[in-house]
Protein chains: 2
Amino acid sequence: MGDRPEIRAGEVALGHDPGDTPDAGITFIGRIRSPWSRGDCPKNIGRARETGQGARIELAPEYAQALTGLSVGQPILLQYWMDRARRDLVMQAPRHAEGPRGTFALRSPNRPNPVSVSTVVITALDPEAATIDIDAIDCFDHTPVVDIKPWLETVDAPPA
Amino acid sequence: MGDRPEIRAGEVALGHDPGDTPDAGITFIGRIRSPWSRGDCPKNIGRARETGQGARIELAPEYAQALTGLSVGQPILLQYWMDRARRDLVMQAPRHAEGPRGTFALRSPNRPNPVSVSTVVITALDPEAATIDIDAIDCFDHTPVVDIKPWLETVDAPPA
């Protein structure tokens with residue numbers, strides 16, 4: 001964790017790294033190919049969409065068949081692993097917020113299990129190459145992919 | 001994986017278990033206390049809501065402060081670990097579907113990384129006890145918790 005973010009005023013850390021004592025293992029099923037790197041990555045997916053630049057999910061070939069049934073135009077939940085995050089913060093002071101807030105009240109990548117979730121739209125599918133093009137994403141190029149699921153209003157929208 | 005589901009007609013498995021070769025570690029931050037066990041668990045969160053029975057998230061005490069800033073009535077994304085799932089299926093034939101479909105086109109708990117996501121509503125908060133009551137959930141009692149995030153329309157609803 002050589003380049004992990006420094007602690008700011010008002011932030012609180014656990015005193016240990018939750019990643020050091022895992023209860024279960026994640027396997028990376030692919031990588032996100034995005035236009036972004038440190039310094040030019042949009043702050044959120046809204047800003048990423050405004051750039052007009054899409055991204056590509058490149059899955060490991062063994063998962064190609066697992067795309068069967070997905071369609072262009074469909075929204076999906078994309079879960080990905082923020083491998084540069086720090087996992088020990090319980091209170092954080094992001095620059096955009098007025099004061100420190102709890103990690104579970106923030107969408108910061110820094111969290112005990114850095115699995116980010118975004119709702120994105122499929123713009124192209126190549127099942128043979130095991131790739132999915134999506135409308136936008138706000139993470140660095142080569143970010144590991146954890147899962148892809150169909151977005152379902154009955155599960156993913158708050159109840160009326 | 002002694003009690004993992006059997007393979008049905010039309011299902012396709014990888015031939016190895018992705019959980020055997022982890023790239024990163026998940027730490028369980030707490031447990032979901034639900035009314036459900038094998039045999040009486042609702043098939044989806046809509047059915048769970050119809051029962052009128054809520055659930056409780058019990059976090060490890062060290063994460064209590066991380067709840068700061070969450071509010072009753074707020075929708076959250078709850079990520080949890082389906083520890084009884086099988087991780088090697090790329091095609092699945094659920095009873096409700098007409099034919100086999102790819103794992104990434106289904107919300108089945110059986111997937112390479114069994115991290116489920118549901119949007120639920122906070123009905124009560126006890127920061128000292130590190131508990132969150134929620135309106136409903138469709139998983140077994142004692143399911144491990146991976147993460148809690150605020151649900152944000154700009155990130156979690158499909159773009160207009």
# chains A, B, ... in the order shown; residues from 1 in each chain; ligands from 1
>>> calpha_fit_and_write(fixed="chain B", moving="chain A", output="PDB file with C-alpha atoms, in the first residue's frame")
ATOM      1  CA  MET A   1     -18.857 -26.810  -0.295  1.00  0.00           C
ATOM      2  CA  GLY A   2     -20.648 -29.917   0.967  1.00  0.00           C
ATOM      3  CA  ASP A   3     -24.173 -28.641   0.455  1.00  0.00           C
ATOM      4  CA  ARG A   4     -23.695 -26.663  -2.726  1.00  0.00           C
ATOM      5  CA  PRO A   5     -26.459 -26.913  -5.343  1.00  0.00           C
ATOM      6  CA  GLU A   6     -26.349 -29.737  -7.875  1.00  0.00           C
ATOM      7  CA  ILE A   7     -25.836 -28.998 -11.583  1.00  0.00           C
ATOM      8  CA  ARG A   8     -29.083 -29.048 -13.632  1.00  0.00           C
ATOM      9  CA  ALA A   9     -29.669 -29.801 -17.311  1.00  0.00           C
ATOM     10  CA  GLY A  10     -28.248 -26.994 -19.476  1.00  0.00           C
ATOM     11  CA  GLU A  11     -25.908 -25.690 -16.816  1.00  0.00           C
ATOM     12  CA  VAL A  12     -22.189 -25.282 -17.572  1.00  0.00           C
ATOM     13  CA  ALA A  13     -19.397 -25.273 -14.975  1.00  0.00           C
ATOM     14  CA  LEU A  14     -15.809 -24.061 -15.325  1.00  0.00           C
ATOM     15  CA  GLY A  15     -14.121 -27.241 -14.147  1.00  0.00           C
ATOM     16  CA  HIS A  16     -12.455 -25.429 -11.280  1.00  0.00           C
ATOM     17  CA  ASP A  17     -13.572 -23.245  -8.368  1.00  0.00           C
ATOM     18  CA  PRO A  18     -12.635 -19.544  -8.752  1.00  0.00           C
ATOM     19  CA  GLY A  19     -12.599 -19.319  -4.968  1.00  0.00           C
ATOM     20  CA  ASP A  20      -9.523 -21.561  -4.884  1.00  0.00           C
ATOM     21  CA  THR A  21      -7.301 -18.908  -6.505  1.00  0.00           C
ATOM     22  CA  PRO A  22      -8.130 -15.573  -4.854  1.00  0.00           C
ATOM     23  CA  ASP A  23      -6.640 -12.274  -6.030  1.00  0.00           C
ATOM     24  CA  ALA A  24      -7.870 -10.231  -3.044  1.00  0.00           C
ATOM     25  CA  GLY A  25      -9.425 -10.803   0.354  1.00  0.00           C
ATOM     26  CA  ILE A  26     -12.856  -9.879   1.722  1.00  0.00           C
ATOM     27  CA  THR A  27     -13.270  -9.269   5.428  1.00  0.00           C
ATOM     28  CA  PHE A  28     -16.710  -9.811   6.901  1.00  0.00           C
ATOM     29  CA  ILE A  29     -17.708  -6.562   8.618  1.00  0.00           C
ATOM     30  CA  GLY A  30     -20.836  -7.990  10.253  1.00  0.00           C
ATOM     31  CA  ARG A  31     -23.817 -10.284   9.826  1.00  0.00           C
ATOM     32  CA  ILE A  32     -27.387  -9.886   8.580  1.00  0.00           C
ATOM     33  CA  ARG A  33     -29.941 -11.107  11.111  1.00  0.00           C
ATOM     34  CA  SER A  34     -32.961 -12.103   9.043  1.00  0.00           C
ATOM     35  CA  PRO A  35     -36.025 -14.251   9.771  1.00  0.00           C
ATOM     36  CA  TRP A  36     -35.051 -16.633   6.954  1.00  0.00           C
ATOM     37  CA  SER A  37     -33.422 -20.008   6.647  1.00  0.00           C
ATOM     38  CA  ARG A  38     -33.311 -22.761   4.024  1.00  0.00           C
ATOM     39  CA  GLY A  39     -36.893 -23.629   3.140  1.00  0.00           C
ATOM     40  CA  ASP A  40     -38.646 -20.379   4.051  1.00  0.00           C
ATOM     41  CA  CYS A  41     -36.473 -17.678   2.432  1.00  0.00           C
ATOM     42  CA  PRO A  42     -38.343 -15.389  -0.006  1.00  0.00           C
ATOM     43  CA  LYS A  43     -37.204 -15.780  -3.637  1.00  0.00           C
ATOM     44  CA  ASN A  44     -36.482 -12.069  -4.055  1.00  0.00           C
ATOM     45  CA  ILE A  45     -36.608  -8.841  -2.117  1.00  0.00           C
ATOM     46  CA  GLY A  46     -40.067  -7.943  -3.427  1.00  0.00           C
ATOM     47  CA  ARG A  47     -41.473 -11.088  -1.821  1.00  0.00           C
ATOM     48  CA  ALA A  48     -39.469 -10.367   1.331  1.00  0.00           C
ATOM     49  CA  ARG A  49     -41.091  -6.905   1.553  1.00  0.00           C
ATOM     50  CA  GLU A  50     -44.537  -8.436   1.123  1.00  0.00           C
ATOM     51  CA  THR A  51     -44.030 -10.429   4.329  1.00  0.00           C
ATOM     52  CA  GLY A  52     -43.729  -7.196   6.295  1.00  0.00           C
ATOM     53  CA  GLN A  53     -40.723  -8.607   8.164  1.00  0.00           C
ATOM     54  CA  GLY A  54     -37.623  -6.482   8.455  1.00  0.00           C
ATOM     55  CA  ALA A  55     -34.049  -7.465   9.232  1.00  0.00           C
ATOM     56  CA  ARG A  56     -31.064  -6.165  11.189  1.00  0.00           C
ATOM     57  CA  ILE A  57     -27.475  -5.572  10.166  1.00  0.00           C
ATOM     58  CA  GLU A  58     -25.152  -6.257  13.107  1.00  0.00           C
ATOM     59  CA  LEU A  59     -21.728  -4.772  12.448  1.00  0.00           C
ATOM     60  CA  ALA A  60     -18.520  -5.560  14.263  1.00  0.00           C
ATOM     61  CA  PRO A  61     -18.129  -2.903  17.038  1.00  0.00           C
ATOM     62  CA  GLU A  62     -15.015  -1.377  15.435  1.00  0.00           C
ATOM     63  CA  TYR A  63     -17.189  -0.132  12.519  1.00  0.00           C
ATOM     64  CA  ALA A  64     -19.739   1.723  14.710  1.00  0.00           C
ATOM     65  CA  GLN A  65     -18.288   5.161  13.906  1.00  0.00           C
ATOM     66  CA  ALA A  66     -18.432   4.414  10.168  1.00  0.00           C
ATOM     67  CA  LEU A  67     -22.242   4.799  10.378  1.00  0.00           C
ATOM     68  CA  THR A  68     -21.945   8.532  11.151  1.00  0.00           C
ATOM     69  CA  GLY A  69     -24.081  10.495   8.702  1.00  0.00           C
ATOM     70  CA  LEU A  70     -26.590   7.767   7.791  1.00  0.00           C
ATOM     71  CA  SER A  71     -30.268   8.514   8.527  1.00  0.00           C
ATOM     72  CA  VAL A  72     -33.501   6.641   9.097  1.00  0.00           C
ATOM     73  CA  GLY A  73     -35.522   6.550   5.860  1.00  0.00           C
ATOM     74  CA  GLN A  74     -32.425   6.614   3.669  1.00  0.00           C
ATOM     75  CA  PRO A  75     -31.952   3.930   0.994  1.00  0.00           C
ATOM     76  CA  ILE A  76     -28.626   2.095   1.102  1.00  0.00           C
ATOM     77  CA  LEU A  77     -26.831  -0.412  -1.094  1.00  0.00           C
ATOM     78  CA  LEU A  78     -26.195  -3.501   0.994  1.00  0.00           C
ATOM     79  CA  GLN A  79     -23.508  -5.890  -0.294  1.00  0.00           C
ATOM     80  CA  TYR A  80     -23.350  -9.332   1.272  1.00  0.00           C
ATOM     81  CA  TRP A  81     -21.521 -12.605   0.749  1.00  0.00           C
ATOM     82  CA  MET A  82     -23.550 -15.607  -0.365  1.00  0.00           C
ATOM     83  CA  ASP A  83     -21.403 -18.139   1.447  1.00  0.00           C
ATOM     84  CA  ARG A  84     -23.383 -21.189   0.321  1.00  0.00           C
ATOM     85  CA  ALA A  85     -23.232 -20.394  -3.398  1.00  0.00           C
ATOM     86  CA  ARG A  86     -21.264 -22.323  -5.995  1.00  0.00           C
ATOM     87  CA  ARG A  87     -18.733 -20.190  -7.866  1.00  0.00           C
ATOM     88  CA  ASP A  88     -18.013 -22.323 -10.925  1.00  0.00           C
ATOM     89  CA  LEU A  89     -21.221 -21.901 -13.000  1.00  0.00           C
ATOM     90  CA  VAL A  90     -21.127 -19.885 -16.247  1.00  0.00           C
ATOM     91  CA  MET A  91     -24.547 -21.058 -17.532  1.00  0.00           C
ATOM     92  CA  GLN A  92     -27.455 -21.615 -15.165  1.00  0.00           C
ATOM     93  CA  ALA A  93     -30.990 -22.958 -15.487  1.00  0.00           C
ATOM     94  CA  PRO A  94     -33.021 -21.404 -12.670  1.00  0.00           C
ATOM     95  CA  ARG A  95     -36.500 -22.853 -12.198  1.00  0.00           C
ATOM     96  CA  HIS A  96     -38.165 -19.503 -12.987  1.00  0.00           C
ATOM     97  CA  ALA A  97     -36.444 -19.083 -16.398  1.00  0.00           C
ATOM     98  CA  GLU A  98     -37.445 -20.719 -19.688  1.00  0.00           C
ATOM     99  CA  GLY A  99     -33.968 -21.953 -20.565  1.00  0.00           C
ATOM    100  CA  PRO A 100     -30.363 -21.695 -19.421  1.00  0.00           C
ATOM    101  CA  ARG A 101     -28.840 -18.211 -19.233  1.00  0.00           C
ATOM    102  CA  GLY A 102     -25.387 -16.821 -18.576  1.00  0.00           C
ATOM    103  CA  THR A 103     -24.480 -16.143 -14.972  1.00  0.00           C
ATOM    104  CA  PHE A 104     -23.943 -12.426 -15.677  1.00  0.00           C
ATOM    105  CA  ALA A 105     -27.514 -12.167 -17.032  1.00  0.00           C
ATOM    106  CA  LEU A 106     -28.933 -13.547 -13.770  1.00  0.00           C
ATOM    107  CA  ARG A 107     -29.154 -12.372 -10.136  1.00  0.00           C
ATOM    108  CA  SER A 108     -28.533 -15.914  -8.903  1.00  0.00           C
ATOM    109  CA  PRO A 109     -26.296 -16.147  -5.804  1.00  0.00           C
ATOM    110  CA  ASN A 110     -24.171 -18.652  -7.753  1.00  0.00           C
ATOM    111  CA  ARG A 111     -21.420 -16.605  -9.469  1.00  0.00           C
ATOM    112  CA  PRO A 112     -17.603 -16.379  -9.523  1.00  0.00           C
ATOM    113  CA  ASN A 113     -17.680 -13.801  -6.716  1.00  0.00           C
ATOM    114  CA  PRO A 114     -20.912 -14.261  -4.754  1.00  0.00           C
ATOM    115  CA  VAL A 115     -21.332 -10.626  -3.655  1.00  0.00           C
ATOM    116  CA  SER A 116     -25.068  -9.875  -3.735  1.00  0.00           C
ATOM    117  CA  VAL A 117     -26.374  -6.306  -3.861  1.00  0.00           C
ATOM    118  CA  SER A 118     -29.769  -5.065  -2.666  1.00  0.00           C
ATOM    119  CA  THR A 119     -31.223  -1.598  -2.241  1.00  0.00           C
ATOM    120  CA  VAL A 120     -32.885  -1.466   1.173  1.00  0.00           C
ATOM    121  CA  VAL A 121     -34.221   1.290   3.423  1.00  0.00           C
ATOM    122  CA  ILE A 122     -32.942   2.128   6.917  1.00  0.00           C
ATOM    123  CA  THR A 123     -35.803   1.837   9.432  1.00  0.00           C
ATOM    124  CA  ALA A 124     -33.758   2.347  12.618  1.00  0.00           C
ATOM    125  CA  LEU A 125     -30.151   3.076  13.577  1.00  0.00           C
ATOM    126  CA  ASP A 126     -28.267   2.351  16.786  1.00  0.00           C
ATOM    127  CA  PRO A 127     -24.754   3.724  16.350  1.00  0.00           C
ATOM    128  CA  GLU A 128     -23.660   2.617  19.835  1.00  0.00           C
ATOM    129  CA  ALA A 129     -24.656  -0.987  19.184  1.00  0.00           C
ATOM    130  CA  ALA A 130     -23.420  -0.737  15.565  1.00  0.00           C
ATOM    131  CA  THR A 131     -26.751  -1.985  14.203  1.00  0.00           C
ATOM    132  CA  ILE A 132     -28.944  -0.859  11.299  1.00  0.00           C
ATOM    133  CA  ASP A 133     -32.517  -2.072  10.934  1.00  0.00           C
ATOM    134  CA  ILE A 134     -33.724  -2.388   7.332  1.00  0.00           C
ATOM    135  CA  ASP A 135     -37.120  -2.816   5.701  1.00  0.00           C
ATOM    136  CA  ALA A 136     -36.480  -6.271   4.212  1.00  0.00           C
ATOM    137  CA  ILE A 137     -33.893  -8.699   2.879  1.00  0.00           C
ATOM    138  CA  ASP A 138     -34.052 -12.017   1.027  1.00  0.00           C
ATOM    139  CA  CYS A 139     -31.075 -13.854   2.484  1.00  0.00           C
ATOM    140  CA  PHE A 140     -30.535 -16.375   5.269  1.00  0.00           C
ATOM    141  CA  ASP A 141     -29.955 -15.373   8.865  1.00  0.00           C
ATOM    142  CA  HIS A 142     -26.243 -14.823   9.627  1.00  0.00           C
ATOM    143  CA  THR A 143     -25.271 -13.947   6.028  1.00  0.00           C
ATOM    144  CA  PRO A 144     -21.928 -12.078   6.134  1.00  0.00           C
ATOM    145  CA  VAL A 145     -21.932  -8.348   5.314  1.00  0.00           C
ATOM    146  CA  VAL A 146     -19.365  -6.963   2.833  1.00  0.00           C
ATOM    147  CA  ASP A 147     -20.282  -3.261   2.613  1.00  0.00           C
ATOM    148  CA  ILE A 148     -22.900  -0.557   3.125  1.00  0.00           C
ATOM    149  CA  LYS A 149     -23.095   2.531   0.890  1.00  0.00           C
ATOM    150  CA  PRO A 150     -25.600   5.367   0.499  1.00  0.00           C
ATOM    151  CA  TRP A 151     -27.850   4.788  -2.545  1.00  0.00           C
ATOM    152  CA  LEU A 152     -27.428   7.742  -4.907  1.00  0.00           C
ATOM    153  CA  GLU A 153     -29.746   8.306  -7.836  1.00  0.00           C
ATOM    154  CA  THR A 154     -26.912   9.768  -9.934  1.00  0.00           C
ATOM    155  CA  VAL A 155     -24.804   6.600  -9.546  1.00  0.00           C
ATOM    156  CA  ASP A 156     -27.344   3.847  -9.013  1.00  0.00           C
ATOM    157  CA  ALA A 157     -30.264   4.628 -11.310  1.00  0.00           C
ATOM    158  CA  PRO A 158     -29.744   3.997 -15.044  1.00  0.00           C
ATOM    159  CA  PRO A 159     -29.055   7.234 -16.950  1.00  0.00           C
ATOM    160  CA  ALA A 160     -32.173   8.833 -18.452  1.00  0.00           C
TER     161      ALA A 160
END
>>> select_by_dssp(residues="region 65-156 of chain A", states="strand (DSSP E or B)", output="mmCIF file with N, CA and C atoms, in the first residue's frame")
data_model
loop_
_atom_site.group_PDB
_atom_site.id
_atom_site.type_symbol
_atom_site.label_atom_id
_atom_site.label_comp_id
_atom_site.auth_asym_id
_atom_site.auth_seq_id
_atom_site.Cartn_x
_atom_site.Cartn_y
_atom_site.Cartn_z
ATOM 1 N N PRO A 75 -29.185 -1.851 -18.788
ATOM 2 C CA PRO A 75 -28.352 -1.402 -17.671
ATOM 3 C C PRO A 75 -27.863 -2.603 -16.852
ATOM 4 N N ILE A 76 -26.630 -2.506 -16.402
ATOM 5 C CA ILE A 76 -26.045 -3.554 -15.553
ATOM 6 C C ILE A 76 -25.435 -2.924 -14.311
ATOM 7 N N LEU A 77 -25.362 -3.721 -13.253
ATOM 8 C CA LEU A 77 -24.580 -3.355 -12.068
ATOM 9 C C LEU A 77 -23.177 -3.886 -12.285
ATOM 10 N N LEU A 78 -22.218 -2.998 -12.289
ATOM 11 C CA LEU A 78 -20.815 -3.381 -12.416
ATOM 12 C C LEU A 78 -20.152 -3.227 -11.052
ATOM 13 N N GLN A 79 -19.568 -4.334 -10.551
ATOM 14 C CA GLN A 79 -18.832 -4.298 -9.283
ATOM 15 C C GLN A 79 -17.353 -4.454 -9.586
ATOM 16 N N TYR A 80 -16.549 -3.579 -9.017
ATOM 17 C CA TYR A 80 -15.112 -3.601 -9.316
ATOM 18 C C TYR A 80 -14.308 -3.312 -8.064
ATOM 19 N N TRP A 81 -13.054 -3.691 -8.101
ATOM 20 C CA TRP A 81 -12.187 -3.693 -6.914
ATOM 21 C C TRP A 81 -11.258 -2.483 -6.958
ATOM 22 N N LEU A 89 -10.112 3.114 7.094
ATOM 23 C CA LEU A 89 -10.742 4.369 7.524
ATOM 24 C C LEU A 89 -12.203 4.155 7.920
ATOM 25 N N VAL A 90 -12.581 4.622 9.121
ATOM 26 C CA VAL A 90 -13.993 4.588 9.523
ATOM 27 C C VAL A 90 -14.635 5.969 9.435
ATOM 28 N N MET A 91 -13.837 7.043 9.580
ATOM 29 C CA MET A 91 -14.312 8.408 9.330
ATOM 30 C C MET A 91 -13.422 9.010 8.250
ATOM 31 N N GLN A 92 -14.067 9.718 7.302
ATOM 32 C CA GLN A 92 -13.309 10.313 6.210
ATOM 33 C C GLN A 92 -13.728 11.757 5.981
ATOM 34 N N ARG A 101 -17.265 12.404 7.668
ATOM 35 C CA ARG A 101 -18.442 11.524 7.701
ATOM 36 C C ARG A 101 -17.990 10.064 7.803
ATOM 37 N N GLY A 102 -18.904 9.226 8.249
ATOM 38 C CA GLY A 102 -18.602 7.803 8.346
ATOM 39 C C GLY A 102 -18.427 7.187 6.962
ATOM 40 N N VAL A 115 -15.167 -2.691 -2.759
ATOM 41 C CA VAL A 115 -15.939 -3.149 -3.918
ATOM 42 C C VAL A 115 -16.878 -2.020 -4.333
ATOM 43 N N SER A 116 -16.528 -1.293 -5.395
ATOM 44 C CA SER A 116 -17.392 -0.228 -5.889
ATOM 45 C C SER A 116 -18.503 -0.809 -6.744
ATOM 46 N N VAL A 117 -19.610 -0.075 -6.817
ATOM 47 C CA VAL A 117 -20.770 -0.480 -7.615
ATOM 48 C C VAL A 117 -21.209 0.705 -8.461
ATOM 49 N N SER A 118 -21.387 0.489 -9.767
ATOM 50 C CA SER A 118 -21.963 1.526 -10.623
ATOM 51 C C SER A 118 -22.987 0.902 -11.546
ATOM 52 N N THR A 119 -24.037 1.666 -11.835
ATOM 53 C CA THR A 119 -25.022 1.253 -12.833
ATOM 54 C C THR A 119 -24.618 1.868 -14.165
ATOM 55 N N VAL A 120 -24.308 1.014 -15.124
ATOM 56 C CA VAL A 120 -23.851 1.468 -16.440
ATOM 57 C C VAL A 120 -24.682 0.784 -17.515
ATOM 58 N N VAL A 121 -24.591 1.285 -18.741
ATOM 59 C CA VAL A 121 -25.408 0.760 -19.834
ATOM 60 C C VAL A 121 -24.507 0.069 -20.860
ATOM 61 N N ILE A 122 -24.942 -1.108 -21.311
ATOM 62 C CA ILE A 122 -24.192 -1.843 -22.341
ATOM 63 C C ILE A 122 -24.374 -1.134 -23.687
ATOM 64 N N THR A 123 -23.260 -0.781 -24.331
ATOM 65 C CA THR A 123 -23.335 -0.134 -25.649
ATOM 66 C C THR A 123 -22.915 -1.082 -26.773
ATOM 67 N N ALA A 124 -22.195 -2.131 -26.442
ATOM 68 C CA ALA A 124 -21.829 -3.159 -27.431
ATOM 69 C C ALA A 124 -21.415 -4.413 -26.680
ATOM 70 N N LEU A 125 -21.580 -5.555 -27.340
ATOM 71 C CA LEU A 125 -21.248 -6.852 -26.734
ATOM 72 C C LEU A 125 -20.479 -7.675 -27.767
ATOM 73 N N ASP A 126 -19.403 -8.307 -27.334
ATOM 74 C CA ASP A 126 -18.708 -9.258 -28.195
ATOM 75 C C ASP A 126 -18.487 -10.537 -27.395
ATOM 76 N N THR A 131 -15.982 -9.386 -24.270
ATOM 77 C CA THR A 131 -15.924 -7.967 -23.912
ATOM 78 C C THR A 131 -17.324 -7.349 -23.918
ATOM 79 N N ILE A 132 -17.491 -6.348 -23.056
ATOM 80 C CA ILE A 132 -18.723 -5.558 -22.981
ATOM 81 C C ILE A 132 -18.312 -4.095 -23.039
ATOM 82 N N ASP A 133 -18.826 -3.345 -23.998
ATOM 83 C CA ASP A 133 -18.600 -1.903 -23.981
ATOM 84 C C ASP A 133 -19.706 -1.242 -23.173
ATOM 85 N N ILE A 134 -19.339 -0.222 -22.395
ATOM 86 C CA ILE A 134 -20.299 0.469 -21.527
ATOM 87 C C ILE A 134 -20.223 1.970 -21.762
ATOM 88 N N THR A 143 -8.659 -1.398 -13.809
ATOM 89 C CA THR A 143 -9.299 -1.741 -12.533
ATOM 90 C C THR A 143 -9.886 -3.149 -12.619
ATOM 91 N N PRO A 144 -9.638 -4.003 -11.618
ATOM 92 C CA PRO A 144 -10.153 -5.372 -11.656
ATOM 93 C C PRO A 144 -11.681 -5.431 -11.536
ATOM 94 N N VAL A 145 -12.281 -6.357 -12.275
ATOM 95 C CA VAL A 145 -13.732 -6.566 -12.251
ATOM 96 C C VAL A 145 -14.073 -7.703 -11.280
ATOM 97 N N VAL A 146 -15.112 -7.479 -10.464
ATOM 98 C CA VAL A 146 -15.567 -8.468 -9.482
ATOM 99 C C VAL A 146 -16.824 -9.192 -9.967
ATOM 100 N N ASP A 147 -17.772 -8.443 -10.556
ATOM 101 C CA ASP A 147 -19.024 -9.074 -10.990
ATOM 102 C C ASP A 147 -19.792 -8.150 -11.919
ATOM 103 N N ILE A 148 -20.689 -8.764 -12.677
ATOM 104 C CA ILE A 148 -21.631 -8.080 -13.567
ATOM 105 C C ILE A 148 -22.989 -8.720 -13.329
ATOM 106 N N LYS A 149 -24.020 -7.870 -13.118
ATOM 107 C CA LYS A 149 -25.375 -8.380 -12.889
ATOM 108 C C LYS A 149 -26.353 -7.512 -13.689
ATOM 109 N N PRO A 150 -27.477 -8.080 -14.107
ATOM 110 C CA PRO A 150 -28.503 -7.228 -14.724
ATOM 111 C C PRO A 150 -29.081 -6.278 -13.675
#
>>> select_by_dssp(residues="region 35-147 of chain B", states="alpha helix (DSSP H)", output="VMD selection string")
chain B and resid 45 to 50
